[in-house]
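Visitor: Input my_file_15.cif, format and content: mmCIF, C-alpha atoms and all ligand atoms.
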```
data_data
loop_
_atom_site.label_atom_id
_atom_site.label_comp_id
_atom_site.auth_asym_id
_atom_site.auth_seq_id
_atom_site.Cartn_x
_atom_site.Cartn_y
_atom_site.Cartn_z
CA MET A 28 143.66 104.71 32.04
CA LEU A 29 140.83 106.84 33.41
CA MET A 30 137.46 105.17 33.47
CA ASN A 31 134.14 106.78 32.63
CA ALA A 32 130.71 105.91 33.98
CA PRO A 33 128.77 103.51 31.70
CA ARG A 34 126.93 105.08 28.74
CA GLY A 35 123.52 106.41 29.69
CA THR A 36 124.40 106.96 33.35
CA LYS A 37 125.30 110.16 35.16
CA ASP A 38 127.00 111.17 38.37
CA ILE A 39 124.99 113.52 40.52
CA LEU A 40 127.71 115.80 41.88
CA PRO A 41 127.69 117.85 45.10
CA ASP A 42 126.77 120.99 43.14
CA GLY A 43 123.73 119.27 41.64
CA ILE A 44 122.43 117.45 44.68
CA GLY A 45 120.43 120.45 45.92
CA GLN A 46 118.13 120.19 42.89
CA TRP A 47 117.36 116.58 43.69
CA LEU A 48 116.74 117.35 47.35
CA TYR A 49 114.41 120.14 46.25
CA LEU A 50 112.43 117.77 44.01
CA GLU A 51 112.30 115.12 46.72
CA GLN A 52 111.03 117.66 49.23
CA LYS A 53 108.26 118.74 46.82
CA ILE A 54 107.36 115.07 46.25
CA ARG A 55 107.14 114.35 49.98
CA GLU A 56 105.07 117.49 50.55
CA ILE A 57 102.44 116.63 47.95
CA CYS A 58 102.34 112.91 48.78
CA GLY A 59 101.75 113.87 52.41
CA CYS A 60 98.79 116.04 51.33
CA TYR A 61 97.26 113.23 49.27
CA GLY A 62 97.95 110.52 51.87
CA TYR A 63 100.54 108.42 50.02
CA LYS A 64 103.21 106.63 52.08
CA GLU A 65 106.76 106.03 50.93
CA ILE A 66 108.01 102.56 50.04
CA ARG A 67 111.54 101.49 49.11
CA THR A 68 111.95 98.22 47.26
CA PRO A 69 115.14 96.48 46.04
CA LEU A 70 116.89 97.72 42.91
CA PHE A 71 116.76 94.18 41.52
CA GLU A 72 114.06 91.55 41.46
CA HIS A 73 113.53 88.09 40.00
CA THR A 74 113.35 88.47 36.21
CA GLU A 75 110.06 86.59 36.15
CA LEU A 76 108.34 89.40 38.06
CA PHE A 77 108.86 91.81 35.17
CA GLN A 78 108.21 89.21 32.47
CA ARG A 79 104.86 88.41 34.05
CA GLY A 80 104.08 91.91 35.21
CA ILE A 81 105.12 94.16 32.33
CA GLY A 82 104.43 91.58 29.61
CA ASP A 83 106.99 89.69 27.55
CA THR A 84 105.94 91.21 24.24
CA THR A 85 106.79 94.74 25.37
CA ASP A 86 109.95 96.55 24.24
CA VAL A 87 110.92 96.99 27.88
CA VAL A 88 111.00 93.23 28.53
CA GLU A 89 112.16 92.14 25.07
CA LYS A 90 114.94 94.63 24.50
CA GLU A 91 115.63 96.89 27.44
CA MET A 92 116.14 94.88 30.60
CA TYR A 93 119.44 94.53 32.41
CA THR A 94 119.22 90.82 33.17
CA PHE A 95 121.95 88.58 34.54
CA THR A 96 122.37 85.28 36.28
CA ASP A 97 123.64 85.65 39.82
CA ARG A 98 126.16 83.36 41.46
CA GLY A 99 123.34 81.19 42.76
CA GLY A 100 122.09 80.59 39.21
CA ARG A 101 118.99 82.83 39.56
CA SER A 102 117.89 85.15 36.80
CA ILE A 103 117.91 88.67 38.21
CA THR A 104 116.87 91.97 36.58
CA LEU A 105 117.61 95.57 37.54
CA ARG A 106 114.15 97.11 37.84
CA PRO A 107 113.09 98.82 34.59
CA GLU A 108 110.09 100.33 36.42
CA ASN A 109 108.61 99.97 39.88
CA THR A 110 104.93 99.12 39.56
CA ALA A 111 105.46 95.35 39.39
CA ALA A 112 107.86 95.53 42.36
CA ALA A 113 105.47 97.70 44.39
CA VAL A 114 102.73 95.13 43.77
CA ARG A 115 105.11 92.31 44.76
CA ALA A 116 105.93 94.15 47.99
CA TYR A 117 102.23 94.89 48.61
CA LEU A 118 101.42 91.17 48.40
CA GLN A 119 104.49 89.87 50.19
CA ASN A 120 104.04 92.24 53.12
CA LYS A 121 100.22 92.08 53.14
CA LEU A 122 99.94 95.84 52.84
CA TYR A 123 96.26 95.32 52.02
CA ALA A 124 95.50 94.12 55.57
CA GLY A 125 93.13 96.36 57.48
CA THR A 126 92.60 98.90 54.71
CA ALA A 127 90.52 99.06 51.56
CA LEU A 128 92.93 101.36 49.76
CA THR A 129 96.72 101.19 50.04
CA LYS A 130 98.47 104.33 48.80
CA LEU A 131 102.20 104.13 48.10
CA PHE A 132 104.86 106.33 46.56
CA TYR A 133 108.52 105.79 45.69
CA ILE A 134 111.52 107.69 44.41
CA GLY A 135 114.45 105.83 42.87
CA SER A 136 116.62 104.60 40.03
CA MET A 137 115.22 102.52 37.18
CA PHE A 138 117.30 100.82 34.48
CA ARG A 139 116.51 100.39 30.79
CA TYR A 140 118.90 99.50 28.00
CA ASP A 141 117.66 102.17 25.64
CA ARG A 142 119.51 104.39 23.15
CA PRO A 143 120.70 107.30 25.30
CA GLN A 144 119.89 110.87 24.22
CA ALA A 145 118.80 114.08 25.92
CA GLY A 146 116.08 113.06 28.40
CA ARG A 147 116.64 109.34 27.87
CA TYR A 148 119.11 107.44 30.02
CA ARG A 149 119.95 103.89 30.95
CA GLU A 150 119.78 104.69 34.63
CA PHE A 151 117.09 107.26 35.38
CA HIS A 152 114.98 108.25 38.35
CA GLN A 153 111.26 108.03 38.78
CA PHE A 154 108.85 109.36 41.33
CA GLY A 155 105.92 106.96 41.22
CA VAL A 156 102.61 106.57 42.96
CA GLU A 157 100.41 103.47 43.25
CA ALA A 158 96.89 103.21 44.74
CA LEU A 159 95.81 99.61 45.27
CA GLY A 160 92.40 98.24 46.22
CA GLU A 161 89.79 100.58 44.76
CA MET A 162 88.03 100.60 41.40
CA ASN A 163 86.23 103.91 41.86
CA PRO A 164 87.09 106.30 38.97
CA ALA A 165 87.64 109.00 41.63
CA VAL A 166 90.96 107.28 42.41
CA ASP A 167 92.03 107.44 38.74
CA ALA A 168 91.21 111.14 38.88
CA GLU A 169 93.05 111.62 42.19
CA ILE A 170 96.15 110.00 40.70
CA ILE A 171 96.06 112.12 37.55
CA ILE A 172 95.45 115.29 39.55
CA LEU A 173 98.38 114.45 41.82
CA ALA A 174 100.68 114.07 38.78
CA VAL A 175 99.55 117.37 37.27
CA ARG A 176 99.58 119.33 40.53
CA PHE A 177 103.05 118.03 41.38
CA LEU A 178 104.43 119.32 38.07
CA GLU A 179 102.55 122.61 38.47
CA SER A 180 103.87 123.03 42.01
CA LEU A 181 107.34 123.27 40.48
CA GLY A 182 106.21 126.18 38.36
CA LEU A 183 105.85 124.28 35.08
CA LYS A 184 103.20 125.68 32.76
CA ASP A 185 101.85 124.55 29.41
CA LEU A 186 101.76 120.91 30.39
CA SER A 187 99.47 118.79 28.28
CA LEU A 188 97.53 115.86 29.64
CA SER A 189 96.44 113.12 27.21
CA LEU A 190 93.83 110.67 28.29
CA ASN A 191 92.55 107.39 26.89
CA SER A 192 90.91 104.16 27.94
CA VAL A 193 92.60 100.97 26.78
CA GLY A 194 89.63 98.79 27.74
CA CYS A 195 89.63 95.57 29.70
CA PRO A 196 89.97 91.83 28.98
CA GLN A 197 86.28 91.83 27.97
CA CYS A 198 86.39 94.52 25.31
CA ARG A 199 90.01 94.53 24.21
CA PRO A 200 89.81 91.27 22.18
CA VAL A 201 87.10 92.90 20.04
CA TYR A 202 89.36 95.88 19.37
CA ARG A 203 92.35 93.64 18.76
CA GLN A 204 90.43 91.76 16.12
CA ARG A 205 89.30 94.98 14.46
CA LEU A 206 92.87 96.22 14.39
CA GLN A 207 94.13 92.99 12.88
CA GLU A 208 91.47 93.23 10.18
CA PHE A 209 92.55 96.83 9.50
CA PHE A 210 96.25 95.99 9.22
CA LYS A 211 95.79 92.64 7.40
CA ASP A 212 96.57 93.89 3.91
CA LYS A 213 99.08 96.49 5.16
CA LEU A 214 101.24 93.94 6.92
CA SER A 215 104.10 93.85 4.40
CA GLY A 216 104.49 97.66 4.66
CA LEU A 217 104.98 97.61 8.45
CA CYS A 218 108.40 97.53 10.10
CA GLU A 219 109.78 94.21 11.30
CA ASP A 220 108.79 94.93 14.92
CA CYS A 221 105.23 95.78 13.96
CA GLN A 222 104.93 92.67 11.81
CA SER A 223 105.60 90.63 14.91
CA ARG A 224 103.34 92.91 16.99
CA TYR A 225 100.49 92.17 14.56
CA ASP A 226 99.90 88.75 16.09
CA ARG A 227 101.15 89.33 19.59
CA ASN A 228 100.05 92.85 20.46
CA PRO A 229 98.56 94.82 17.54
CA MET A 230 97.75 97.88 19.71
CA ARG A 231 101.48 98.57 19.95
CA ILE A 232 101.56 99.23 16.18
CA LEU A 233 99.75 102.50 16.91
CA ASP A 234 102.65 103.57 19.09
CA CYS A 235 105.42 102.74 16.60
CA LYS A 236 107.81 105.59 15.89
CA HIS A 237 108.53 104.50 12.27
CA GLU A 238 107.17 106.94 9.72
CA GLN A 239 105.75 104.23 7.42
CA CYS A 240 103.94 102.50 10.31
CA GLN A 241 102.46 105.82 11.40
CA GLN A 242 101.28 106.47 7.83
CA LEU A 243 99.77 103.02 7.54
CA SER A 244 97.90 103.35 10.79
CA ILE A 245 96.03 106.48 9.69
CA GLY A 246 92.32 105.66 9.85
CA ALA A 247 92.81 102.68 12.17
CA PRO A 248 89.81 101.85 14.37
CA GLU A 249 89.79 103.57 17.76
CA ILE A 250 89.60 101.72 21.05
CA THR A 251 87.02 104.10 22.40
CA ASP A 252 84.56 102.77 19.78
CA CYS A 253 84.97 99.24 21.13
CA LEU A 254 84.74 99.81 24.90
CA CYS A 255 82.29 97.68 26.87
CA ASP A 256 79.63 99.49 28.90
CA GLU A 257 81.59 99.26 32.12
CA CYS A 258 84.78 100.68 30.61
CA ARG A 259 82.87 103.43 28.82
CA ASP A 260 81.08 104.43 32.01
CA HIS A 261 84.33 104.36 33.99
CA PHE A 262 86.07 106.51 31.39
CA SER A 263 83.34 109.14 31.34
CA ARG A 264 83.30 109.33 35.13
CA VAL A 265 87.09 109.85 35.24
CA GLN A 266 86.62 112.73 32.82
CA GLU A 267 83.83 114.18 34.93
CA TYR A 268 86.01 114.14 38.05
CA LEU A 269 88.85 115.82 36.16
CA ARG A 270 86.54 118.54 34.88
CA THR A 271 85.22 119.08 38.39
CA ALA A 272 88.78 119.59 39.58
CA GLY A 273 89.47 122.06 36.77
CA ILE A 274 92.06 119.85 35.08
CA SER A 275 92.17 120.26 31.33
CA PHE A 276 92.97 117.27 29.12
CA GLN A 277 92.81 116.03 25.55
CA LEU A 278 91.36 112.69 24.63
CA ASP A 279 93.84 110.69 22.60
CA PRO A 280 92.37 107.41 21.33
CA ARG A 281 95.80 106.39 20.04
CA LEU A 282 97.50 106.61 23.40
CA VAL A 283 98.75 103.11 24.16
CA ARG A 284 101.26 102.74 26.91
CA GLY A 285 104.48 100.76 26.52
CA LEU A 286 103.66 98.34 29.33
CA ASP A 287 101.06 95.58 29.01
CA TYR A 288 99.41 95.74 32.41
CA TYR A 289 97.10 98.69 31.73
CA THR A 290 93.31 98.39 31.74
CA LYS A 291 90.77 101.20 31.34
CA THR A 292 92.41 104.59 32.09
CA ALA A 293 95.76 105.42 30.45
CA PHE A 294 97.34 108.86 30.55
CA GLU A 295 100.47 110.80 29.79
CA VAL A 296 101.62 114.28 30.74
CA LYS A 297 103.80 115.96 28.14
CA TYR A 298 105.95 119.01 28.29
CA ALA A 299 106.38 119.96 24.63
CA PRO A 300 109.58 122.09 24.89
CA LEU A 301 111.48 118.91 25.75
CA GLY A 302 111.06 117.74 22.15
CA ALA A 303 111.51 114.04 21.41
CA GLN A 304 111.42 113.00 25.07
CA SER A 305 108.52 115.21 26.09
CA ALA A 306 106.63 112.62 28.20
CA VAL A 307 107.31 113.68 31.77
CA ALA A 308 104.77 111.38 33.40
CA GLY A 309 102.71 108.37 32.43
CA GLY A 310 100.42 105.92 34.09
CA GLY A 311 97.00 104.41 34.31
CA ARG A 312 94.84 101.70 35.80
CA TYR A 313 96.11 98.13 36.01
CA ASP A 314 93.29 96.01 37.42
CA GLY A 315 94.81 92.67 36.35
CA LEU A 316 98.37 93.04 37.63
CA VAL A 317 97.92 92.04 41.27
CA GLU A 318 96.28 88.77 40.19
CA GLU A 319 98.97 88.21 37.56
CA ILE A 320 101.59 88.42 40.30
CA GLY A 321 99.77 85.88 42.45
CA GLY A 322 97.37 87.96 44.56
CA SER A 323 93.61 87.98 44.56
CA PRO A 324 91.94 90.27 42.01
CA THR A 325 92.66 93.84 43.15
CA PRO A 326 91.97 97.01 41.16
CA ALA A 327 94.84 99.50 41.08
CA VAL A 328 96.03 102.69 39.43
CA GLY A 329 99.25 104.68 39.39
CA PHE A 330 101.79 106.77 37.49
CA ALA A 331 105.47 107.59 37.35
CA VAL A 332 107.25 110.85 36.62
CA GLY A 333 110.70 110.89 34.98
CA LEU A 334 112.73 113.13 37.27
CA GLU A 335 115.62 113.83 34.85
CA ARG A 336 113.06 115.14 32.36
CA VAL A 337 111.48 117.30 35.03
CA LEU A 338 114.89 118.73 35.92
CA LEU A 339 115.61 119.42 32.23
CA ALA A 340 112.29 121.26 31.96
CA LEU A 341 112.96 123.26 35.15
CA GLU A 342 116.43 124.18 33.91
CA GLN A 343 115.07 125.31 30.54
CA GLN A 344 112.51 127.51 32.25
CA GLN A 345 114.96 128.73 34.89
CA LEU A 346 112.69 127.45 37.59
CA LEU A 347 115.32 125.82 39.75
CA PRO A 348 115.65 127.72 43.02
CA ALA A 349 119.10 129.08 43.85
CA LEU A 350 120.34 126.93 46.66
CA PRO A 351 123.28 128.69 48.28
CA ASP A 352 125.67 126.27 49.85
CA ALA A 353 126.79 128.02 53.02
CA VAL A 354 128.64 127.11 56.17
CA ASP A 355 128.03 128.77 59.55
CA VAL A 356 131.63 129.11 60.59
CA PHE A 357 135.14 128.53 59.28
CA VAL A 358 137.96 128.07 61.75
CA VAL A 359 141.24 129.67 60.69
CA ALA A 360 144.19 128.18 62.61
CA LEU A 361 147.51 130.04 62.46
CA GLY A 362 150.59 128.06 63.43
CA GLU A 363 151.29 124.43 64.15
CA ASN A 364 150.77 124.75 67.88
CA VAL A 365 147.17 125.84 67.56
CA GLN A 366 146.03 122.91 65.41
CA THR A 367 144.88 120.80 68.35
CA ALA A 368 142.98 123.66 70.01
CA ALA A 369 141.38 124.59 66.67
CA PHE A 370 140.38 120.98 66.07
CA GLN A 371 138.81 120.81 69.53
CA LEU A 372 136.91 124.02 68.90
CA LEU A 373 135.73 122.72 65.52
CA MET A 374 134.32 119.57 67.12
CA ALA A 375 132.64 121.55 69.91
CA MET A 376 130.96 123.77 67.29
CA ARG A 377 129.63 120.75 65.42
CA SER A 378 128.39 119.19 68.67
CA ALA A 379 126.47 122.42 69.24
CA GLY A 380 124.76 121.93 65.86
CA LEU A 381 126.74 124.53 63.90
CA SER A 382 128.03 123.69 60.43
CA ALA A 383 131.76 124.24 60.76
CA GLN A 384 134.84 123.66 58.65
CA MET A 385 138.56 124.25 58.88
CA ASP A 386 141.64 123.93 56.78
CA PHE A 387 143.80 121.00 57.83
CA ALA A 388 146.81 121.86 55.68
CA GLY A 389 148.24 124.67 57.82
CA ARG A 390 148.15 127.20 54.98
CA SER A 391 148.68 130.95 55.27
CA MET A 392 146.06 133.27 56.76
CA LYS A 393 145.29 134.60 53.27
CA ALA A 394 144.79 131.12 51.81
CA GLN A 395 142.53 130.11 54.69
CA MET A 396 140.43 133.26 54.38
CA LYS A 397 140.07 132.52 50.68
CA GLN A 398 138.79 129.08 51.53
CA ALA A 399 136.35 130.52 54.06
CA ASN A 400 134.99 132.79 51.31
CA LYS A 401 134.69 129.92 48.91
CA ALA A 402 132.78 127.92 51.51
CA ASN A 403 130.44 130.90 51.89
CA ALA A 404 131.13 131.07 55.62
CA ARG A 405 128.97 133.47 57.63
CA PHE A 406 131.57 133.74 60.41
CA VAL A 407 135.27 133.08 60.69
CA VAL A 408 136.98 132.27 63.97
CA ILE A 409 140.68 133.09 63.91
CA LEU A 410 142.91 131.27 66.30
CA GLY A 411 146.59 132.19 66.68
CA GLU A 412 149.15 131.29 69.32
CA ASP A 413 148.38 134.43 71.35
CA GLU A 414 144.68 133.66 71.33
CA VAL A 415 145.22 130.07 72.49
CA ARG A 416 147.37 131.35 75.33
CA GLU A 417 144.66 133.83 76.31
CA GLN A 418 141.90 131.22 75.89
CA ALA A 419 140.23 133.46 73.34
CA ALA A 420 139.67 133.81 69.58
CA THR A 421 138.87 136.50 67.03
CA LEU A 422 135.35 136.29 65.67
CA ARG A 423 134.77 137.90 62.30
CA ASN A 424 131.37 138.48 60.75
CA MET A 425 132.00 137.94 57.04
CA GLN A 426 129.02 140.02 55.95
CA THR A 427 129.80 143.16 57.96
CA SER A 428 133.58 142.55 58.30
CA GLU A 429 133.25 143.40 62.01
CA GLN A 430 135.72 141.67 64.28
CA GLU A 431 135.84 141.15 68.03
CA LYS A 432 137.78 139.14 70.53
CA VAL A 433 135.70 136.52 72.30
CA THR A 434 136.67 134.16 75.07
CA MET A 435 136.70 130.44 74.32
CA LYS A 436 134.00 129.95 76.90
CA GLU A 437 131.51 132.27 75.26
CA ILE A 438 132.33 131.70 71.61
CA ILE A 439 129.97 128.80 70.94
CA ASN A 440 127.00 130.39 72.69
CA LYS A 441 127.62 133.61 70.81
CA LEU A 442 127.81 131.86 67.46
CA CYS A 443 124.69 129.83 68.18
CA ALA A 444 122.81 132.98 69.09
CA GLU A 445 123.94 134.73 65.87
CA VAL A 446 123.34 131.78 63.55
CA LYS A 447 120.15 130.34 64.94
CA GLY A 448 118.71 133.72 65.83
P1 LIG B 1 106.71 104.72 31.82
O1 LIG B 1 105.85 105.53 30.91
O2 LIG B 1 107.49 103.62 31.22
O3 LIG B 1 105.76 104.17 32.97
O4 LIG B 1 107.70 105.68 32.58
C1 LIG B 1 107.24 106.83 33.27
C2 LIG B 1 108.13 108.02 33.00
O5 LIG B 1 109.49 107.69 33.27
C3 LIG B 1 108.14 108.47 31.53
O6 LIG B 1 107.04 109.30 31.25
C4 LIG B 1 109.45 109.23 31.48
O7 LIG B 1 109.28 110.54 31.98
C5 LIG B 1 110.34 108.46 32.43
N1 LIG B 1 111.24 107.56 31.66
C6 LIG B 1 110.96 106.37 31.11
N2 LIG B 1 112.05 105.85 30.50
C7 LIG B 1 113.05 106.75 30.66
C8 LIG B 1 114.43 106.81 30.26
N3 LIG B 1 115.02 105.81 29.59
N4 LIG B 1 115.16 107.90 30.61
C9 LIG B 1 114.59 108.92 31.32
N5 LIG B 1 113.29 108.91 31.72
C10 LIG B 1 112.53 107.85 31.39
C11 LIG B 1 106.17 103.41 34.02
O8 LIG B 1 107.31 103.18 34.29
C12 LIG B 1 105.03 102.89 34.87
N6 LIG B 1 105.59 102.05 35.94
C13 LIG B 1 104.21 104.04 35.42
C14 LIG B 1 103.07 103.55 36.26
C15 LIG B 1 103.01 103.52 37.61
N7 LIG B 1 101.93 103.06 35.82
C16 LIG B 1 101.18 102.71 36.83
N8 LIG B 1 101.82 102.97 37.92
#
```
What would you get if you wrote out this structure as structure tokens?

Guide:
Amino acid sequence: MLMNAPRGTKDILPDGIGQWLYLEQKIREICGCYGYKEIRTPLFEHTELFQRGIGDTTDVVEKEMYTFTDRGGRSITLRPENTAAAVRAYLQNKLYAGTALTKLFYIGSMFRYDRPQAGRYREFHQFGVEALGEMNPAVDAEIIILAVRFLESLGLKDLSLSLNSVGCPQCRPVYRQRLQEFFKDKLSGLCEDCQSRYDRNPMRILDCKHEQCQQLSIGAPEITDCLCDECRDHFSRVQEYLRTAGISFQLDPRLVRGLDYYTKTAFEVKYAPLGAQSAVAGGGRYDGLVEEIGGSPTPAVGFAVGLERVLLALEQQQLLPALPDAVDVFVVALGENVQTAAFQLLMAMRSAGLSAQMDFAGRSMKAQMKQANKANARFVVILGEDEVREQAATLRNMQTSEQEKVTMKEIINKLCAEVKG
């Protein structure tokens, strides 16, 4: 029986890899400009890292983690996101040493057991950025600008940026209490999840997708009315920086992120044509996370972009560049006795840095030429028994159809000159 990949996962096939390389190149370009350095962390971590980091009342930790016990009896989880792991790596490897601000970026697979649909997968890829060590609102702005400019650099237009402040451990309890008062006599009308959120994390009720919960939360108090002076000042300075940079945004006092570590700034970038899964990027400040994971208090801010969603958006808008898959030269070998000479020539071409292919099945001239066309070869080198005897080959330019006989000695230099200009 044929087996399929698990639900919610996808193969990235040779034809599709160019799009990913294109995205990765754009990511590396912009991160270079903004001074962020790449980090690669393991695909799995100790479960406790995410429980402590993301918060055990979040949907991600409660319902969506791929957790298993390994053969050594440890509880292991496939990373559902990479902020907690980046912070773990930052502390473990003392990336704070000798610098006030550590700027990291990553590209990689994340895993969430969610209901798959267009734009939502169980294995998906994020490009994320984390800036650790600085509380200046200019860094919040830098991060947000980086997210927006990255998406714009791909040609995406009509992005919408929503911005909020979710307060800090000083002012959030006040808001929490106000929310609980607001929902007290509406409790029985809320969905089961929200009823349990009421005690544990009432802000998440505002984010519930159930129609009746959304109805019941109309008129709920807004966090921005409860911010302490420091959070309010920070929030207005972030906005000032964004205005200075010409970034437009909407304030959304109901924006609560699905992960518990956020403090102060929270933001999301949406691309509306994607419909239900329109959030292409999300992030914010998380000043308590480093301490939560065992470090000394360290302010930090970051975001992650969902790359599958970006690719969907680029496809919809026909913004993916055509990436022709071409080969410099295809060696056509005619007859059994030339196979060894053709193979030698093929290897010499590759050693010279040319991309070269040949047919190993000893097919007819016509079949091999067809293959050369399919491979989009710029040149074909034809090698028959006569040519091998004469230490020569026929070189055909596939664009102009011109052909000439070239000696074995000069063929590689000639090809290099043609191909590399
Ligand atoms: P997040 O909002 O959970 O934040 O995820 C960021 C982005 O990843 C989303 O906006 C979305 O584009 C994409 N994404 C999330 N889940 C899925 C899924 N199941 N399938 C496809 N795409 C998905 C974080 O993960 C935070 N770590 C971001 C952050 C970094 N905050 C601070 N630093």

Visitor: Looking at all atoms listed in the file, which of A:Phe151, A:Ala247, A:Ser391, A:Met376 is the one that sits closest to Asn440 (chain A)?

Guide: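 The answer is A:Met376, which sits nearest to Asn440 (chain A).
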
Visitor: Kindly work out which residues sit at most 9 Å from ligand LIG 1 (chain B), using all atoms listed in the file, and give the list as JSON, numbers by chain.

Guide: {"A": [35, 81, 87, 107, 108, 109, 110, 111, 137, 138, 139, 140, 141, 142, 143, 144, 145, 146, 147, 148, 149, 150, 151, 152, 153, 154, 155, 156, 157, 158, 284, 285, 286, 288, 289, 293, 295, 296, 297, 304, 305, 306, 307, 308, 309, 310, 311, 312, 313, 327, 328, 329, 330, 331, 332, 333, 334, 335, 336, 337]}

Visitor: Work out how far apart CA of Glu257 (chain A) and CA of Glu161 (chain A) are and give it in Å to one decimal.

Guide: 15.1 Å

Visitor: Please determine, counting all atoms listed in the file, which residue among A:Met30, A:Leu243, A:Met425, A:Ile438 has the shortest atom-to-atom distance to Leu214 (chain A).

Guide: A:Leu243

Visitor: In Å to one decimal, how far is CA of Pro280 (chain A) from CA of Asp234 (chain A)?

Guide: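 CA of Pro280 (chain A) lies 11.2 Å from CA of Asp234 (chain A).
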
Visitor: What is the CA of Phe294 (chain A)-CA of Glu169 (chain A) distance in Å, reported with one decimal?

Guide: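 Taking CA of Phe294 (chain A) as the start and CA of Glu169 (chain A) as the end point, the length is 12.7 Å.
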
Visitor: When distances are computed from only C-alpha atoms, which of A:Ser275, A:Val433, A:Pro196, A:Gln426 shows the smallest separation from Cys253 (chain A)?

Guide: A:Pro196

Visitor: Excluding same-chain residues fewer than 6 positions from region 38-54 of chain A, what lies within 8 Å of it counting all atoms listed in the file, as an mmCIF file with C-alpha atoms, in the frame of the given file?

Guide:
```cif
data_model
loop_
_atom_site.group_PDB
_atom_site.id
_atom_site.type_symbol
_atom_site.label_atom_id
_atom_site.label_comp_id
_atom_site.auth_asym_id
_atom_site.auth_seq_id
_atom_site.Cartn_x
_atom_site.Cartn_y
_atom_site.Cartn_z
ATOM 1 C CA ALA A 32 130.710 105.910 33.980
ATOM 2 C CA ILE A 134 111.520 107.690 44.410
ATOM 3 C CA PHE A 154 108.850 109.360 41.330
ATOM 4 C CA PHE A 177 103.050 118.030 41.380
ATOM 5 C CA SER A 180 103.870 123.030 42.010
ATOM 6 C CA LEU A 181 107.340 123.270 40.480
ATOM 7 C CA LEU A 338 114.890 118.730 35.920
ATOM 8 C CA LEU A 347 115.320 125.820 39.750
ATOM 9 C CA PRO A 348 115.650 127.720 43.020
ATOM 10 C CA LEU A 350 120.340 126.930 46.660
#
```

Visitor: So, counting all atoms listed in the file, which residue among A:Ala399, A:Gly321, A:Ser382, A:Arg227 is closest to Gly80 (chain A)?

Guide: A:Gly321

Visitor: Counting all atoms listed in the file, which residue out of A:Gly82, A:Val407, A:Glu417, A:Thr94 sits closest to Glu429 (chain A)?

Guide: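 Of all the options, A:Val407 lies closest to Glu429 (chain A).
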
Visitor: Closest to Arg203 (chain A) among A:Val317, A:Leu178, A:Ile232, A:Val446, using only C-alpha atoms?

Guide: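 When distances to Arg203 (chain A) are compared using only C-alpha atoms, the smallest one comes from A:Ile232.
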
Visitor: Which residues come within 12 Å of Asp413 (chain A), counting only C-alpha atoms, excluding same-chain residues fewer than 2 positions away, as a list in words?

Guide: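 Answer for this query is Ala360, Leu361, Gly362, Asn364, Val365, Ile409, Leu410, Gly411, Val415, Arg416, Glu417, Gln418, Ala419, Ala420, Thr421 and Lys432 of chain A.
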
Visitor: Could you write out the selected residues, including C-alpha atoms, as a PDB file, keeping the file's coordinate frame?

Guide:
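Result file again-v8.pdb:
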```pdb
ATOM      1  CA  ALA A 360     144.190 128.180  62.610  1.00  0.00           C
ATOM      2  CA  LEU A 361     147.510 130.040  62.460  1.00  0.00           C
ATOM      3  CA  GLY A 362     150.590 128.060  63.430  1.00  0.00           C
ATOM      4  CA  ASN A 364     150.770 124.750  67.880  1.00  0.00           C
ATOM      5  CA  VAL A 365     147.170 125.840  67.560  1.00  0.00           C
ATOM      6  CA  ILE A 409     140.680 133.090  63.910  1.00  0.00           C
ATOM      7  CA  LEU A 410     142.910 131.270  66.300  1.00  0.00           C
ATOM      8  CA  GLY A 411     146.590 132.190  66.680  1.00  0.00           C
ATOM      9  CA  VAL A 415     145.220 130.070  72.490  1.00  0.00           C
ATOM     10  CA  ARG A 416     147.370 131.350  75.330  1.00  0.00           C
ATOM     11  CA  GLU A 417     144.660 133.830  76.310  1.00  0.00           C
ATOM     12  CA  GLN A 418     141.900 131.220  75.890  1.00  0.00           C
ATOM     13  CA  ALA A 419     140.230 133.460  73.340  1.00  0.00           C
ATOM     14  CA  ALA A 420     139.670 133.810  69.580  1.00  0.00           C
ATOM     15  CA  THR A 421     138.870 136.500  67.030  1.00  0.00           C
ATOM     16  CA  LYS A 432     137.780 139.140  70.530  1.00  0.00           C
TER      17      LYS A 432
END
```
